[in-house]
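Here's coords_39.pdb, which has PDB, C-alpha atoms:
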```pdb
MODEL        1
ATOM      1  CA  MET B   1      55.438 189.334 -38.087
ATOM      2  CA  ASP B   2      53.289 189.328 -34.972
ATOM      3  CA  GLN B   3      53.038 186.692 -32.274
ATOM      4  CA  THR B   4      49.891 185.093 -33.679
ATOM      5  CA  THR B   5      51.554 184.009 -36.924
ATOM      6  CA  THR B   6      54.724 182.883 -35.098
ATOM      7  CA  PHE B   7      52.801 180.522 -32.846
ATOM      8  CA  GLY B   8      50.226 179.521 -35.447
ATOM      9  CA  LEU B   9      47.382 181.082 -33.503
ATOM     10  CA  ASN B  10      44.087 181.601 -35.213
ATOM     11  CA  LEU B  11      42.142 184.261 -33.341
ATOM     12  CA  SER B  12      39.823 185.290 -36.145
ATOM     13  CA  GLN B  13      36.680 183.660 -34.775
ATOM     14  CA  ILE B  14      36.835 183.208 -31.027
ATOM     15  CA  PRO B  15      34.327 180.601 -29.828
ATOM     16  CA  LEU B  16      32.304 181.851 -26.863
ATOM     17  CA  MET B  17      30.386 179.191 -24.965
ATOM     18  CA  CYS B  18      26.890 179.898 -23.739
ATOM     19  CA  ASP B  19      24.375 177.447 -22.270
ATOM     20  CA  ASN B  20      21.245 179.241 -23.387
ATOM     21  CA  THR B  21      19.997 178.870 -26.970
ATOM     22  CA  SER B  22      17.658 181.868 -26.733
ATOM     23  CA  ALA B  23      20.564 184.115 -25.726
ATOM     24  CA  ILE B  24      22.586 182.749 -28.668
ATOM     25  CA  SER B  25      19.704 183.544 -31.036
ATOM     26  CA  LEU B  26      19.470 187.080 -29.636
ATOM     27  CA  THR B  27      23.096 187.766 -30.539
ATOM     28  CA  LYS B  28      22.476 186.769 -34.170
ATOM     29  CA  ASN B  29      19.064 188.224 -34.761
ATOM     30  CA  HIS B  30      18.917 192.011 -34.822
ATOM     31  CA  ILE B  31      15.262 192.438 -34.080
ATOM     32  CA  GLN B  32      13.779 194.527 -31.340
ATOM     33  CA  HIS B  33      10.980 192.906 -29.415
ATOM     34  CA  SER B  34       9.246 193.525 -26.134
ATOM     35  CA  ARG B  35      11.402 191.088 -24.142
ATOM     36  CA  THR B  36      14.645 192.775 -25.110
ATOM     37  CA  LYS B  37      13.669 196.423 -24.996
ATOM     38  CA  ASP B  38      14.827 196.802 -21.389
ATOM     39  CA  ILE B  39      18.392 195.640 -22.169
ATOM     40  CA  GLU B  40      20.766 198.596 -22.082
ATOM     41  CA  ILE B  41      22.310 199.609 -25.381
ATOM     42  CA  ARG B  42      25.866 198.983 -24.172
ATOM     43  CA  ASN B  43      24.992 195.322 -23.606
ATOM     44  CA  HIS B  44      24.326 194.979 -27.335
ATOM     45  CA  PHE B  45      28.114 195.232 -27.821
ATOM     46  CA  ILE B  46      28.154 191.490 -28.566
ATOM     47  CA  ARG B  47      25.875 191.852 -31.616
ATOM     48  CA  ASP B  48      28.435 194.010 -33.436
ATOM     49  CA  HIS B  49      31.201 191.522 -32.818
ATOM     50  CA  VAL B  50      29.102 188.551 -33.901
ATOM     51  CA  SER B  51      28.061 190.314 -37.123
ATOM     52  CA  LYS B  52      31.687 191.289 -37.839
ATOM     53  CA  GLY B  53      32.761 187.676 -37.289
ATOM     54  CA  ASP B  54      35.129 188.427 -34.375
ATOM     55  CA  CYS B  55      33.512 185.737 -32.280
ATOM     56  CA  VAL B  56      31.129 182.821 -32.700
ATOM     57  CA  ILE B  57      28.671 181.917 -29.967
ATOM     58  CA  GLN B  58      28.425 178.174 -29.445
ATOM     59  CA  PHE B  59      26.158 176.080 -27.320
ATOM     60  CA  VAL B  60      27.598 174.146 -24.401
ATOM     61  CA  ASN B  61      25.854 171.656 -22.124
ATOM     62  CA  PHE B  62      25.193 172.682 -18.566
ATOM     63  CA  GLU B  63      27.453 169.810 -17.389
ATOM     64  CA  ASN B  64      30.403 171.182 -19.366
ATOM     65  CA  GLN B  65      29.800 174.768 -18.376
ATOM     66  CA  LEU B  66      33.119 175.458 -16.603
ATOM     67  CA  THR B  67      32.169 178.900 -15.341
ATOM     68  CA  ASP B  68      29.591 177.482 -12.940
ATOM     69  CA  LEU B  69      32.328 177.655 -10.305
ATOM     70  CA  PHE B  70      32.361 181.464 -10.423
ATOM     71  CA  THR B  71      28.650 182.090 -10.101
ATOM     72  CA  LYS B  72      27.112 179.975  -7.364
ATOM     73  CA  PRO B  73      27.851 177.756  -4.339
ATOM     74  CA  LEU B  74      28.320 174.162  -5.517
ATOM     75  CA  ASN B  75      28.417 170.756  -3.887
ATOM     76  CA  LYS B  76      31.666 168.894  -3.349
ATOM     77  CA  GLU B  77      31.462 166.599  -6.431
ATOM     78  CA  ARG B  78      30.579 169.323  -8.918
ATOM     79  CA  PHE B  79      33.096 171.723  -7.379
ATOM     80  CA  ASN B  80      35.965 169.213  -7.610
ATOM     81  CA  PHE B  81      34.993 168.244 -11.166
ATOM     82  CA  LEU B  82      35.008 171.864 -12.380
ATOM     83  CA  ARG B  83      38.178 172.659 -10.467
ATOM     84  CA  ASN B  84      40.010 169.844 -12.270
ATOM     85  CA  GLU B  85      38.549 170.808 -15.635
ATOM     86  CA  LEU B  86      39.836 174.363 -15.201
ATOM     87  CA  GLY B  87      43.338 173.069 -14.515
ATOM     88  CA  ILE B  88      43.425 173.869 -10.808
ATOM     89  CA  ILE B  89      45.091 170.690  -9.650
ATOM     90  CA  ASP B  90      46.338 169.299  -6.357
ATOM     91  CA  LEU B  91      50.122 168.970  -6.569
ATOM     92  CA  LYS B  92      49.882 165.738  -4.543
ATOM     93  CA  ASN B  93      48.096 164.078  -7.489
ATOM     94  CA  ILE B  94      50.851 164.940  -9.962
ATOM     95  CA  LYS B  95      53.418 162.220 -10.344
TER
ATOM     96  CA  MET L   1      42.400 178.411  13.222
ATOM     97  CA  GLU L   2      45.496 176.165  13.319
ATOM     98  CA  ASN L   3      43.606 173.121  14.588
ATOM     99  CA  CYS L   4      40.375 173.628  12.657
ATOM    100  CA  LYS L   5      38.682 170.959  10.548
ATOM    101  CA  GLU L   6      39.116 171.095   6.782
ATOM    102  CA  ALA L   7      36.193 171.982   4.523
ATOM    103  CA  ALA L   8      35.658 170.397   1.080
ATOM    104  CA  THR L   9      34.296 173.543  -0.579
ATOM    105  CA  PRO L  10      34.890 177.233   0.179
ATOM    106  CA  ILE L  11      31.186 177.944   0.619
ATOM    107  CA  ALA L  12      28.254 175.841   1.856
ATOM    108  CA  THR L  13      25.748 174.797  -0.856
ATOM    109  CA  GLY L  14      22.748 176.559   0.649
ATOM    110  CA  CYS L  15      24.706 179.532   1.916
ATOM    111  CA  TYR L  16      22.722 182.738   1.859
ATOM    112  CA  LEU L  17      24.326 186.001   2.919
ATOM    113  CA  ASP L  18      22.521 189.290   3.353
ATOM    114  CA  ASN L  19      23.172 192.504   5.270
ATOM    115  CA  ASP L  20      22.036 190.783   8.501
ATOM    116  CA  GLU L  21      21.429 194.073  10.307
ATOM    117  CA  LYS L  22      20.215 192.381  13.488
ATOM    118  CA  GLY L  23      23.310 190.171  13.708
ATOM    119  CA  VAL L  24      26.206 190.603  16.125
ATOM    120  CA  LYS L  25      28.666 193.144  14.817
ATOM    121  CA  VAL L  26      32.219 191.930  14.241
ATOM    122  CA  TYR L  27      35.072 194.331  14.760
ATOM    123  CA  LYS L  28      37.641 195.011  12.156
ATOM    124  CA  GLN L  29      40.599 193.219  13.699
ATOM    125  CA  ASN L  30      38.738 189.906  13.345
ATOM    126  CA  ILE L  31      38.292 190.154   9.626
ATOM    127  CA  GLU L  32      41.464 191.883   8.609
ATOM    128  CA  ASP L  33      42.273 188.765   6.566
ATOM    129  CA  SER L  34      39.567 189.462   3.947
ATOM    130  CA  GLY L  35      41.980 191.760   2.089
ATOM    131  CA  SER L  36      44.533 188.955   2.009
ATOM    132  CA  LEU L  37      41.882 186.598   0.621
ATOM    133  CA  LEU L  38      41.155 189.022  -2.213
ATOM    134  CA  TYR L  39      44.874 189.051  -2.917
ATOM    135  CA  LEU L  40      44.891 185.250  -2.983
ATOM    136  CA  THR L  41      42.258 185.129  -5.755
ATOM    137  CA  ALA L  42      45.045 186.209  -8.132
ATOM    138  CA  SER L  43      46.445 182.663  -7.964
ATOM    139  CA  ARG L  44      43.494 180.634  -6.651
ATOM    140  CA  PRO L  45      40.448 181.063  -8.909
ATOM    141  CA  ASP L  46      38.514 178.366  -7.027
ATOM    142  CA  ILE L  47      37.820 180.716  -4.097
ATOM    143  CA  MET L  48      36.947 183.643  -6.368
ATOM    144  CA  PHE L  49      33.164 183.432  -5.944
ATOM    145  CA  SER L  50      33.125 182.965  -2.168
ATOM    146  CA  VAL L  51      35.694 185.704  -1.512
ATOM    147  CA  CYS L  52      33.844 188.180  -3.712
ATOM    148  CA  LEU L  53      30.585 187.299  -1.973
ATOM    149  CA  CYS L  54      32.116 187.959   1.473
ATOM    150  CA  ALA L  55      33.787 191.142   0.261
ATOM    151  CA  ARG L  56      30.385 192.689  -0.546
ATOM    152  CA  TYR L  57      29.485 192.911   3.138
ATOM    153  CA  GLN L  58      32.731 194.387   4.450
ATOM    154  CA  ALA L  59      31.195 197.806   5.075
ATOM    155  CA  SER L  60      29.363 196.482   8.118
ATOM    156  CA  PRO L  61      30.449 192.895   8.815
ATOM    157  CA  ARG L  62      28.354 190.664  11.088
ATOM    158  CA  GLU L  63      28.854 187.275  12.703
ATOM    159  CA  THR L  64      27.383 185.416   9.667
ATOM    160  CA  HIS L  65      29.858 187.079   7.281
ATOM    161  CA  TYR L  66      32.686 186.225   9.639
ATOM    162  CA  MET L  67      31.594 182.562   9.653
ATOM    163  CA  ALA L  68      31.574 182.526   5.832
ATOM    164  CA  ALA L  69      35.087 184.005   5.732
ATOM    165  CA  LYS L  70      36.264 181.371   8.231
ATOM    166  CA  ARG L  71      34.820 178.641   6.007
ATOM    167  CA  ILE L  72      37.089 179.859   3.166
ATOM    168  CA  LEU L  73      40.089 179.608   5.495
ATOM    169  CA  LYS L  74      39.008 176.071   6.451
ATOM    170  CA  TYR L  75      38.831 175.148   2.779
ATOM    171  CA  LEU L  76      42.255 176.668   2.129
ATOM    172  CA  LYS L  77      43.725 174.658   5.005
ATOM    173  CA  GLY L  78      42.754 171.419   3.246
ATOM    174  CA  THR L  79      43.888 172.546  -0.205
ATOM    175  CA  ILE L  80      47.242 174.180   0.425
ATOM    176  CA  ASP L  81      48.877 172.206  -2.411
ATOM    177  CA  VAL L  82      46.221 173.122  -4.981
ATOM    178  CA  GLY L  83      47.281 175.477  -7.735
ATOM    179  CA  LEU L  84      46.955 176.378 -11.381
ATOM    180  CA  TRP L  85      48.640 173.865 -13.665
ATOM    181  CA  TYR L  86      49.813 174.945 -17.081
ATOM    182  CA  LEU L  87      50.846 172.272 -19.567
ATOM    183  CA  SER L  88      53.699 173.056 -21.935
ATOM    184  CA  VAL L  89      52.279 171.233 -24.972
ATOM    185  CA  VAL L  90      48.777 172.420 -25.660
ATOM    186  CA  SER L  91      46.969 173.933 -28.573
ATOM    187  CA  LEU L  92      46.633 177.693 -28.285
ATOM    188  CA  ASN L  93      43.000 178.199 -29.139
ATOM    189  CA  LEU L  94      41.156 180.887 -27.261
ATOM    190  CA  ILE L  95      37.768 179.779 -25.931
ATOM    191  CA  GLY L  96      35.536 181.938 -23.783
ATOM    192  CA  TYR L  97      33.136 180.413 -21.264
ATOM    193  CA  SER L  98      30.448 182.515 -19.703
ATOM    194  CA  HIS L  99      27.664 181.788 -17.270
ATOM    195  CA  SER L 100      25.341 183.770 -15.094
ATOM    196  CA  HIS L 101      23.258 182.873 -12.078
ATOM    197  CA  LEU L 102      19.902 184.617 -12.254
ATOM    198  CA  VAL L 103      19.080 186.487  -9.024
ATOM    199  CA  GLY L 104      22.293 185.441  -7.319
ATOM    200  CA  CYS L 105      21.855 188.296  -4.860
ATOM    201  CA  LYS L 106      18.424 188.293  -3.226
ATOM    202  CA  ILE L 107      18.752 191.795  -1.740
ATOM    203  CA  ASP L 108      18.711 193.731  -5.010
ATOM    204  CA  ARG L 109      17.749 190.792  -7.282
ATOM    205  CA  LYS L 110      20.809 191.215  -9.482
ATOM    206  CA  SER L 111      22.427 188.258 -11.226
ATOM    207  CA  THR L 112      26.006 187.052 -10.853
ATOM    208  CA  ASN L 113      28.305 187.045 -13.870
ATOM    209  CA  GLY L 114      31.126 184.593 -14.345
ATOM    210  CA  THR L 115      33.473 184.437 -17.304
ATOM    211  CA  CYS L 116      36.667 182.515 -17.954
ATOM    212  CA  PRO L 117      38.553 182.697 -21.252
ATOM    213  CA  LEU L 118      40.795 179.642 -21.701
ATOM    214  CA  LEU L 119      43.874 179.573 -23.909
ATOM    215  CA  GLY L 120      44.110 175.958 -25.010
ATOM    216  CA  SER L 121      43.280 174.185 -21.769
ATOM    217  CA  SER L 122      44.888 176.767 -19.484
ATOM    218  CA  LEU L 123      42.891 179.193 -17.452
ATOM    219  CA  ILE L 124      44.347 182.635 -18.072
ATOM    220  CA  SER L 125      41.673 185.019 -16.884
ATOM    221  CA  TRP L 126      38.683 184.732 -14.559
ATOM    222  CA  HIS L 127      36.012 187.014 -13.283
ATOM    223  CA  SER L 128      33.064 186.813 -10.899
ATOM    224  CA  LYS L 129      30.943 189.895 -10.488
ATOM    225  CA  LYS L 130      27.438 191.013  -9.669
ATOM    226  CA  GLN L 131      25.709 192.489 -12.709
ATOM    227  CA  ALA L 132      25.160 196.237 -12.786
ATOM    228  CA  CYS L 133      21.521 195.996 -13.846
ATOM    229  CA  VAL L 134      18.548 193.855 -12.859
ATOM    230  CA  ALA L 135      17.982 191.158 -15.492
ATOM    231  CA  LEU L 136      14.343 190.209 -15.951
ATOM    232  CA  SER L 137      14.958 186.814 -17.520
ATOM    233  CA  THR L 138      17.633 184.117 -17.756
ATOM    234  CA  VAL L 139      18.078 185.011 -21.421
ATOM    235  CA  GLU L 140      18.803 188.631 -20.572
ATOM    236  CA  ALA L 141      21.293 187.679 -17.830
ATOM    237  CA  LYS L 142      23.122 185.300 -20.164
ATOM    238  CA  TYR L 143      23.080 187.748 -23.053
ATOM    239  CA  ILE L 144      24.789 190.333 -20.853
ATOM    240  CA  VAL L 145      27.418 187.887 -19.622
ATOM    241  CA  VAL L 146      28.256 186.736 -23.159
ATOM    242  CA  GLY L 147      28.876 190.406 -23.979
ATOM    243  CA  SER L 148      31.266 190.809 -21.085
ATOM    244  CA  CYS L 149      33.064 187.578 -22.070
ATOM    245  CA  CYS L 150      33.389 188.915 -25.614
ATOM    246  CA  ALA L 151      34.944 192.126 -24.282
ATOM    247  CA  GLN L 152      37.490 190.167 -22.230
ATOM    248  CA  SER L 153      38.315 187.821 -25.147
ATOM    249  CA  SER L 154      38.777 190.774 -27.500
ATOM    250  CA  TRP L 155      41.231 192.303 -25.041
ATOM    251  CA  ILE L 156      43.221 189.039 -24.819
ATOM    252  CA  LYS L 157      43.199 188.796 -28.596
ATOM    253  CA  GLN L 158      44.536 192.312 -28.844
ATOM    254  CA  GLN L 159      47.288 191.517 -26.302
ATOM    255  CA  LEU L 160      48.303 188.391 -28.213
ATOM    256  CA  SER L 161      48.417 190.059 -31.625
ATOM    257  CA  VAL L 162      50.927 192.756 -30.669
TER
ENDMDL
END
```
Could the structure of this file be written out as structure tokens, please?
Amino acid sequence: MDQTTTFGLNLSQIPLMCDNTSAISLTKNHIQHSRTKDIEIRNHFIRDHVSKGDCVIQFVNFENQLTDLFTKPLNKERFNFLRNELGIIDLKNIK
Amino acid sequence: MENCKEAATPIATGCYLDNDEKGVKVYKQNIEDSGSLLYLTASRPDIMFSVCLCARYQASPRETHYMAAKRILKYLKGTIDVGLWYLSVVSLNLIGYSHSHLVGCKIDRKSTNGTCPLLGSSLISWHSKKQACVALSTVEAKYIVVGSCCAQSSWIKQQLSV
């Protein structure tokens, strides 16, 4: 018995959050068109996994996009909001 | 730096760093702490982006890069008690978040990737990196980052199913 069954983990379809519907459509639709012909073949890795059912791409609002913190400089409010959402918490606030 | 003011964020909102070849050169002993900051990103994901941005210019650091590194230290001074918090009772569902900032680097017009797979509500892996190729559209940049998030999630899945 492996760890996944012991802890009741279901890792068959991992949800991956993306905030761009066109990018989500690209992962599902295996057509070659002029806008995607410059994407390197190795970046089409995701298509295989989506077709095999290893992961499911889901849409997420920009507001709930937690990874914003790792890609650009943010203002104080947004930065603190995302920091809390990711579970990076000030020990002074924990009672 | 002991008596410096605290900063609310590790990097200013409109901060733009480039090679700054005309800037005043800073000698190595001043910025020897950048290696320590990279080490700190192992437990403080909130400074990940700013540290990685500063680390790109370490080949020939200038005054502007030094100021950006000092800003991170100012932020850290105000957030010494901040850390990752893992709850004991949470569901263990793996969710991958991915995002990319189109043309994050204006020198070579490459986008910035960011991914963070969460196990339940706990952050277990994080990544901030400049893309290897130039993306022509937002769709392309996001498509690439979803792929890299999928790779990371597959690896975690493999680790968990041993």
**Message:** Give me, as a PyMOL selection string, the residues of chain B touching chain L, with the criterion being at most 8 Å (counting only C-alpha atoms).
**Reply:** chain B and resi 2-4+9-11+14-20+22-24+26-27+36+39+43-46+49+55+65-76+79+83+86-92
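Taking atom CA of L:Asn19 and atom CA of L:Cys4 as the two end points, the separation is 26.6 Å.
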**Asked** When the PyMOL selection byres ((chain B and resi 28) around 9) is applied to the file above, which residues end up in the set, as a count of residues only?
**Response** 10
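The spacing separating atom CA of L:Trp155 from atom CA of L:Leu37 amounts to 26.3 Å.
Note that atom CA of L:Tyr27 and atom CA of L:Val51 are 18.4 Å apart.
Of the residues under consideration (L:Leu40, L:Leu119, L:Leu76, L:Val90), L:Leu76 shows the shortest atom-to-atom contact distance to L:Met1 when counting all atoms listed in the file.
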